[in-house]
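The next block is target-v4.cif, given as mmCIF, C-alpha atoms.
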data_final
loop_
_atom_site.label_atom_id
_atom_site.label_comp_id
_atom_site.auth_asym_id
_atom_site.auth_seq_id
_atom_site.Cartn_x
_atom_site.Cartn_y
_atom_site.Cartn_z
CA MET P 1474 53.79 -23.42 71.60
CA GLU P 1475 57.03 -21.42 71.58
CA PRO P 1476 55.39 -18.13 70.47
CA TYR P 1477 53.20 -18.23 73.58
CA ILE P 1478 56.02 -18.87 76.09
CA PHE P 1479 57.30 -15.91 78.11
CA SER P 1480 60.38 -17.59 79.59
CA VAL P 1481 61.83 -20.87 80.89
CA ARG P 1482 62.95 -21.26 84.48
CA LYS P 1483 64.35 -24.51 85.86
CA ASN P 1484 62.91 -26.40 82.89
CA ILE P 1485 59.47 -24.94 83.59
CA HIS P 1486 57.81 -23.04 80.73
CA ILE P 1487 56.08 -19.85 81.81
CA ILE P 1488 53.22 -18.80 79.54
CA ASP P 1489 52.86 -15.19 78.42
CA LEU P 1490 49.69 -14.23 80.29
CA GLU P 1491 49.23 -11.04 78.27
CA GLN P 1492 48.74 -13.20 75.19
CA THR P 1493 46.48 -15.52 77.19
CA GLU P 1494 44.26 -12.58 78.16
CA GLU P 1495 44.05 -11.25 74.61
CA LEU P 1496 43.42 -14.65 73.03
CA LEU P 1497 40.85 -15.53 75.69
CA LYS P 1498 38.91 -12.37 74.78
CA ASN P 1499 39.07 -13.30 71.09
CA ALA P 1500 37.83 -16.82 71.82
CA GLY P 1501 35.05 -15.47 74.03
CA ASN P 1502 33.89 -13.04 71.34
CA PHE P 1503 33.95 -15.81 68.73
CA LEU P 1504 31.86 -18.19 70.84
CA TYR P 1505 29.52 -15.34 71.80
CA GLY P 1506 28.83 -14.80 68.09
CA LYS P 1507 28.13 -18.49 67.56
CA ALA P 1508 25.73 -18.59 70.51
CA ALA P 1509 24.04 -15.32 69.47
CA ASN P 1510 23.22 -17.00 66.15
CA GLY P 1511 21.65 -19.96 67.97
CA GLU P 1512 24.41 -22.41 67.03
CA GLN P 1513 25.21 -25.27 69.39
CA ILE P 1514 28.59 -25.44 71.16
CA ILE P 1515 30.17 -28.57 72.65
CA PHE P 1516 32.57 -28.42 75.64
CA VAL P 1517 35.01 -31.34 75.67
CA GLY P 1518 37.07 -32.21 78.76
CA THR P 1519 37.57 -35.86 79.66
CA LYS P 1520 40.54 -35.59 82.03
CA LYS P 1521 39.69 -36.18 85.67
CA GLN P 1522 40.39 -32.68 86.94
CA ALA P 1523 38.32 -31.09 84.16
CA ARG P 1524 35.16 -33.25 84.09
CA GLU P 1525 33.17 -31.61 86.87
CA VAL P 1526 34.07 -28.05 85.87
CA VAL P 1527 33.28 -28.71 82.19
CA GLU P 1528 29.87 -30.23 83.00
CA ASN P 1529 28.89 -27.49 85.47
CA GLU P 1530 29.93 -24.61 83.21
CA ALA P 1531 28.30 -26.19 80.16
CA LYS P 1532 25.01 -26.59 82.02
CA ARG P 1533 25.25 -23.01 83.31
CA CYS P 1534 25.60 -21.46 79.88
CA GLY P 1535 23.43 -23.88 77.88
CA ALA P 1536 26.23 -25.63 75.97
CA LEU P 1537 26.53 -29.36 75.31
CA TYR P 1538 29.37 -31.35 76.87
CA VAL P 1539 31.46 -34.53 76.70
CA THR P 1540 33.24 -35.53 79.91
CA GLU P 1541 33.76 -39.30 79.65
CA ARG P 1542 35.24 -40.04 76.27
CA TRP P 1543 34.82 -38.71 72.77
CA ILE P 1544 32.86 -41.21 70.70
CA GLY P 1545 34.22 -41.51 67.17
CA GLY P 1546 31.70 -40.36 64.61
CA THR P 1547 29.95 -37.86 66.86
CA LEU P 1548 30.37 -35.22 64.15
CA THR P 1549 31.22 -37.21 61.03
CA ASN P 1550 28.67 -40.01 61.47
CA PHE P 1551 25.89 -38.33 63.40
CA ARG P 1552 23.20 -40.75 62.18
CA VAL P 1553 24.64 -43.53 64.38
CA ILE P 1554 24.92 -41.21 67.38
CA LYS P 1555 21.33 -40.03 66.77
CA LYS P 1556 20.10 -43.62 67.04
CA ASN P 1557 21.71 -43.95 70.47
CA ILE P 1558 20.29 -40.59 71.52
CA ASP P 1559 16.80 -41.64 70.43
CA LYS P 1560 17.25 -44.94 72.26
CA LEU P 1561 18.26 -43.16 75.47
CA ILE P 1562 15.30 -40.77 75.25
CA SER P 1563 12.90 -43.67 74.61
CA LEU P 1564 14.20 -45.73 77.55
CA MET P 1565 14.08 -42.76 79.92
CA LYS P 1566 10.54 -41.94 78.82
CA ARG P 1567 9.36 -45.51 79.26
CA ARG P 1568 10.95 -45.73 82.69
CA GLY P 1569 9.40 -42.43 83.73
CA GLU P 1570 5.93 -43.56 82.60
CA GLY P 1571 6.25 -46.87 84.42
CA GLU P 1572 6.24 -49.03 81.30
CA LEU P 1573 9.25 -51.01 82.58
CA ASP P 1574 7.40 -52.24 85.65
CA LYS P 1575 6.09 -55.23 83.68
CA TYR P 1576 9.64 -56.59 83.33
CA THR P 1577 11.37 -58.79 85.89
CA LYS P 1578 13.71 -57.27 88.45
CA LYS P 1579 16.75 -58.58 86.55
CA GLU P 1580 15.52 -57.15 83.25
CA ARG P 1581 14.85 -53.75 84.83
CA LEU P 1582 18.34 -53.78 86.33
CA MET P 1583 19.87 -54.46 82.91
CA ILE P 1584 17.83 -51.66 81.36
CA ASP P 1585 18.88 -49.28 84.14
CA ARG P 1586 22.52 -50.14 83.49
CA GLU P 1587 22.07 -49.49 79.79
CA ILE P 1588 20.46 -46.11 80.51
CA GLU P 1589 23.30 -45.25 82.87
CA LYS P 1590 25.90 -46.19 80.26
CA LEU P 1591 24.19 -44.16 77.55
CA GLN P 1592 23.83 -41.17 79.86
CA ARG P 1593 27.49 -41.35 80.76
CA ASN P 1594 28.61 -41.44 77.13
CA ILE P 1595 26.07 -39.24 75.32
CA GLY P 1596 23.99 -37.65 78.07
CA GLY P 1597 25.74 -34.32 77.61
CA ILE P 1598 24.97 -34.18 73.88
CA ILE P 1599 21.40 -35.53 74.03
CA ALA P 1600 20.13 -32.23 72.58
CA LEU P 1601 22.59 -32.23 69.65
CA ARG P 1602 20.72 -31.48 66.41
CA GLY P 1603 23.56 -32.12 63.97
CA THR P 1604 26.80 -30.31 63.20
CA PRO P 1605 27.54 -27.83 66.03
CA GLY P 1606 28.79 -24.29 65.56
CA ALA P 1607 32.02 -24.85 67.50
CA VAL P 1608 33.87 -27.20 69.84
CA PHE P 1609 35.72 -25.99 72.93
CA VAL P 1610 38.44 -28.36 74.15
CA VAL P 1611 40.38 -28.63 77.40
CA ASP P 1612 43.80 -30.23 76.70
CA ALA P 1613 44.44 -30.36 72.98
CA ARG P 1614 46.82 -33.31 73.27
CA ARG P 1615 44.38 -35.54 75.14
CA GLU P 1616 41.40 -34.60 72.94
CA ARG P 1617 43.23 -34.85 69.60
CA THR P 1618 40.61 -37.35 68.32
CA ALA P 1619 37.83 -34.81 68.85
CA ILE P 1620 39.95 -32.07 67.22
CA ARG P 1621 40.72 -34.18 64.13
CA GLU P 1622 37.06 -35.11 63.72
CA ALA P 1623 35.95 -31.50 64.14
CA LYS P 1624 38.38 -30.42 61.43
CA ARG P 1625 37.07 -33.11 59.07
CA ALA P 1626 33.53 -31.93 59.73
CA GLY P 1627 34.49 -28.29 59.19
CA VAL P 1628 33.70 -27.32 62.79
CA PRO P 1629 35.85 -24.54 64.33
CA VAL P 1630 37.92 -25.60 67.36
CA VAL P 1631 38.71 -23.41 70.37
CA ALA P 1632 41.12 -24.99 72.86
CA LEU P 1633 42.95 -24.43 76.12
CA VAL P 1634 46.47 -25.47 75.10
CA ASP P 1635 49.40 -26.13 77.42
CA THR P 1636 53.08 -25.88 76.50
CA ASN P 1637 53.35 -29.66 75.97
CA SER P 1638 50.72 -29.64 73.19
CA ASP P 1639 50.72 -28.90 69.48
CA PRO P 1640 48.39 -26.00 68.53
CA ALA P 1641 48.30 -27.10 64.88
CA GLY P 1642 44.73 -27.60 63.65
CA ILE P 1643 43.23 -25.39 66.35
CA ASP P 1644 41.42 -22.30 65.09
CA LEU P 1645 41.58 -20.28 68.31
CA VAL P 1646 44.33 -21.09 70.82
CA ILE P 1647 44.09 -20.11 74.47
CA PRO P 1648 47.55 -20.73 75.98
CA GLY P 1649 47.28 -21.87 79.57
CA ASN P 1650 47.78 -24.57 82.16
CA ASP P 1651 45.40 -27.42 81.35
CA ASP P 1652 46.38 -29.54 84.38
CA ALA P 1653 45.57 -27.26 87.31
CA ILE P 1654 41.90 -27.23 88.33
CA LYS P 1655 42.02 -23.49 89.16
CA SER P 1656 43.42 -22.62 85.75
CA ILE P 1657 40.80 -24.72 83.97
CA ALA P 1658 38.02 -23.22 86.11
CA ILE P 1659 39.09 -19.61 85.40
CA ILE P 1660 39.28 -20.14 81.63
CA LEU P 1661 36.01 -22.10 81.51
CA LYS P 1662 34.17 -19.52 83.59
CA ALA P 1663 35.14 -16.77 81.15
CA ILE P 1664 34.24 -18.88 78.12
CA SER P 1665 30.89 -20.05 79.52
CA SER P 1666 29.96 -16.47 80.48
CA SER P 1667 30.49 -15.40 76.86
CA VAL P 1668 28.41 -18.32 75.59
CA GLU P 1669 25.67 -17.59 78.13
CA GLU P 1670 25.46 -13.96 77.04
CA GLY P 1671 25.31 -15.09 73.43
CA TYR P 1672 22.37 -17.40 74.07
CA LYS P 1673 20.58 -14.66 76.01
CA GLU P 1674 21.01 -12.34 73.03
CA TYR P 1675 19.66 -15.07 70.75
CA ALA P 1676 16.62 -15.57 73.00
CA LYS P 1677 16.00 -11.80 73.11
CA LYS P 1678 16.26 -11.56 69.32
CA ASN P 1679 13.88 -14.50 68.87
CA LYS P 1680 11.39 -12.91 71.25
CA ALA P 1681 11.51 -9.61 69.34
CA GLU P 1682 11.11 -11.38 65.99
CA LYS P 1683 8.18 -13.42 67.33
CA LYS P 1684 6.52 -10.27 68.66
CA ALA P 1685 6.96 -8.54 65.29
CA ALA P 1686 5.60 -11.59 63.46
CA ASP P 1687 2.59 -11.74 65.80
CA GLU P 1688 1.87 -8.04 65.21
CA ILE P 1689 2.06 -8.50 61.43
CA LYS P 1690 -0.24 -11.52 61.67
CA ALA P 1691 -2.71 -9.58 63.81
CA GLU P 1692 -2.74 -6.73 61.27
CA GLU P 1693 -3.34 -9.21 58.46
CA VAL P 1694 -6.20 -10.83 60.37
CA LYS P 1695 -7.68 -7.40 61.11
CA ALA P 1696 -7.38 -6.33 57.47
CA SER P 1697 -8.91 -9.55 56.20
CA GLY P 1698 -11.74 -9.15 58.72
CA GLU P 1699 -12.49 -5.60 57.54
CA LYS P 1700 -12.44 -6.77 53.93
CA ALA P 1701 -14.84 -9.57 54.76
CA ALA P 1702 -17.15 -7.12 56.57
CA VAL P 1703 -17.24 -4.84 53.52
CA GLN P 1704 -17.96 -7.80 51.27
CA ILE P 1705 -20.81 -8.92 53.56
CA SER P 1706 -22.32 -5.41 53.60
CA VAL P 1707 -22.19 -5.30 49.81
CA ASN P 1708 -23.78 -8.70 49.50
CA GLU P 1709 -26.51 -7.77 51.97
CA ALA P 1710 -27.30 -4.38 50.37
CA PRO P 1711 -30.95 -4.14 49.17
CA HIS P 1712 -31.32 -5.11 45.54
CA VAL P 1713 -32.92 -2.47 43.24
CA SER P 1714 -35.73 -4.02 41.34
CA ASP P 1715 -35.87 -3.97 37.55
CA ASP P 1716 -39.65 -3.44 37.71
CA PRO P 1717 -40.56 -0.54 35.27
CA THR P 1718 -43.35 0.55 37.64
CA LEU P 1719 -40.77 1.41 40.27
CA ASP P 1720 -38.82 3.45 37.71
CA GLU P 1721 -41.97 5.42 36.79
CA THR P 1722 -42.69 6.18 40.45
CA LEU P 1723 -39.18 7.49 40.96
CA THR P 1724 -39.48 9.68 37.83
CA GLU P 1725 -42.79 11.14 39.03
CA THR P 1726 -41.33 11.91 42.43
CA VAL P 1727 -38.43 13.79 40.89
CA GLU P 1728 -40.81 15.76 38.62
CA ASP P 1729 -43.01 16.70 41.61
CA LEU P 1730 -39.98 18.00 43.48
CA GLU P 1731 -38.94 20.11 40.49
CA ASN P 1732 -42.47 21.58 40.16
CA ILE P 1733 -42.54 22.49 43.87
CA SER P 1734 -39.19 24.20 43.50
CA LYS P 1735 -40.50 26.25 40.52
CA GLU P 1736 -43.67 27.32 42.35
CA GLU P 1737 -41.61 28.54 45.29
#
Could I get this file's structure written as structure tokens?
Amino acid sequence: MEPYIFSVRKNIHIIDLEQTEELLKNAGNFLYGKAANGEQIIFVGTKKQAREVVENEAKRCGALYVTERWIGGTLTNFRVIKKNIDKLISLMKRRGEGELDKYTKKERLMIDREIEKLQRNIGGIIALRGTPGAVFVVDARRERTAIREAKRAGVPVVALVDTNSDPAGIDLVIPGNDDAIKSIAIILKAISSSVEEGYKEYAKKNKAEKKAADEIKAEEVKASGEKAAVQISVNEAPHVSDDPTLDETLTETVEDLENISKEE
């Protein structure tokens, strides 16, 4: 972290805040782009002072989050995680519909404990569809397991990195204090605001595309309706008989008109 340190005073490393500001903007723009493309983003912060802030900011901006512990295989073995997610959703649905009322009190208590455990471990990533677009980490040293797994899965990592951590393997470093609640809150607020704006842009773009698609569909329906109407009118047009008598009558009528014209 030496390139990001401004000075050292009484064995305390002071971070260059000008670099922090610039790199925070870069990280925000990067995550904005990911969100604007509809990609999922996971916030990871399992240390005590970061859990509440990480969860609240993730919920505010629409990101996923991990605040208890990073479960190995979340990115590299998603099939196993998906089974637990499906199990949690099924149990919550059954409890909500009253299907668990038929069990004994002890059995319901055990099921409730299992739901609580699953919610604690994977509740923040219950909407995960597969490989996310990016992972944002608070404290690179503590969350090194998540960082290593993200790198193996090819997922970009953005991290708040303190002077006692190694920035190697992190795609976008945000140098800063990852122990103080205020520092974590300031960085997370800026990051979540960028992600929120990105998801708003994605929703706006989707709405515009849906409107355009609906208009095209309406035009196609209208055109097909007009074509069908023309076809019906053609099919319903009176059929000219092949009767020779009718042809003779028409010929006589034309001749009479010509004679009248000559007399006049």
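Residue nearest Val1608 of chain P within the list P:Trp1543, P:Tyr1672, P:Phe1516, P:Phe1551: P:Phe1516 [criterion: smallest interatomic distance, only C-alpha atoms].
When atom CA of Arg1542 of chain P is paired with atom CA of Pro1605 of chain P, their separation reads 17.7 Å.
Near Ala1653 of chain P, within 9 Å and counting all atoms listed in the file, sit Gln1522, Ala1523, Asn1650, Ser1656, Ile1657 and Ala1658 of chain P, not including residues fewer than 3 positions from it in the same chain.
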Suppose a student applies the PyMOL selection byres ((chain P and resi 1521) around 10) to this structure; what residues should they get, written as a list in words? Gly1518, Thr1519, Lys1520, Gln1522, Ala1523, Arg1524, Glu1525, Val1526, Thr1540, Glu1541, Asp1652 and Ile1654 of chain P
Only C-alpha atoms, please: the residues just picked out, written as a CSV table (one decimal), in the frame of the given file.
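This went into again_36.csv:
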chain,number,residue,atom,x,y,z
P,1518,GLY,CA,37.1,-32.2,78.8
P,1519,THR,CA,37.6,-35.9,79.7
P,1520,LYS,CA,40.5,-35.6,82.0
P,1522,GLN,CA,40.4,-32.7,86.9
P,1523,ALA,CA,38.3,-31.1,84.2
P,1524,ARG,CA,35.2,-33.2,84.1
P,1525,GLU,CA,33.2,-31.6,86.9
P,1526,VAL,CA,34.1,-28.0,85.9
P,1540,THR,CA,33.2,-35.5,79.9
P,1541,GLU,CA,33.8,-39.3,79.6
P,1652,ASP,CA,46.4,-29.5,84.4
P,1654,ILE,CA,41.9,-27.2,88.3
Selection under test: the PyMOL selection byres ((chain P and resi 1640) around 12); residues as a ChimeraX atom specification: /P:1474-1477,1610,1612-1614,1616-1617,1620,1630-1639,1641-1649
Who sits within 10 Å of Glu1512 of chain P, all atoms listed in the file, same chain under 6 positions skipped, as a compact mmCIF listing (two decimals) with C-alpha atoms, in the frame of the given file:
# COMPACT_ATOMS: atom_id res chain seq x y z
CA LEU P 1504 31.86 -18.19 70.84
CA TYR P 1505 29.52 -15.34 71.80
CA GLY P 1506 28.83 -14.80 68.09
CA ALA P 1536 26.23 -25.63 75.97
CA ARG P 1602 20.72 -31.48 66.41
CA THR P 1604 26.80 -30.31 63.20
CA PRO P 1605 27.54 -27.83 66.03
CA GLY P 1606 28.79 -24.29 65.56
CA ALA P 1607 32.02 -24.85 67.50
CA GLY P 1671 25.31 -15.09 73.43
CA TYR P 1672 22.37 -17.40 74.07
CA TYR P 1675 19.66 -15.07 70.75
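Omitting segment 1663-1665 of chain P and its sequence neighbours fewer than 6 positions away, and counting all atoms listed in the file, the residues within 7 Å are Gly1501, Glu1530, Ala1531 and Cys1534 of chain P.
Closest approach to Ile1598 of chain P among P:Ser1563, P:Thr1618, P:Ser1667, P:Gln1513: P:Gln1513, based on only C-alpha atoms.
Rounded to one decimal, atom CA of Asn1510 of chain P and atom CA of Ile1689 of chain P lie 23.3 Å from each other.
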Considering only C-alpha atoms, state which residue in the set P:Gln1492, P:Thr1547, P:Phe1479, P:Gly1511 is at the smallest distance from Lys1677 of chain P. P:Gly1511
Tell me, as an NGL selection string, which residues lie within 12 Å of Met1565 of chain P, counting all atoms listed in the file; anything in the same chain fewer than 6 positions away does not count. :P and (1558-1559 or 1571-1573 or 1584-1589 or 1591-1592 or 1596 or 1599)
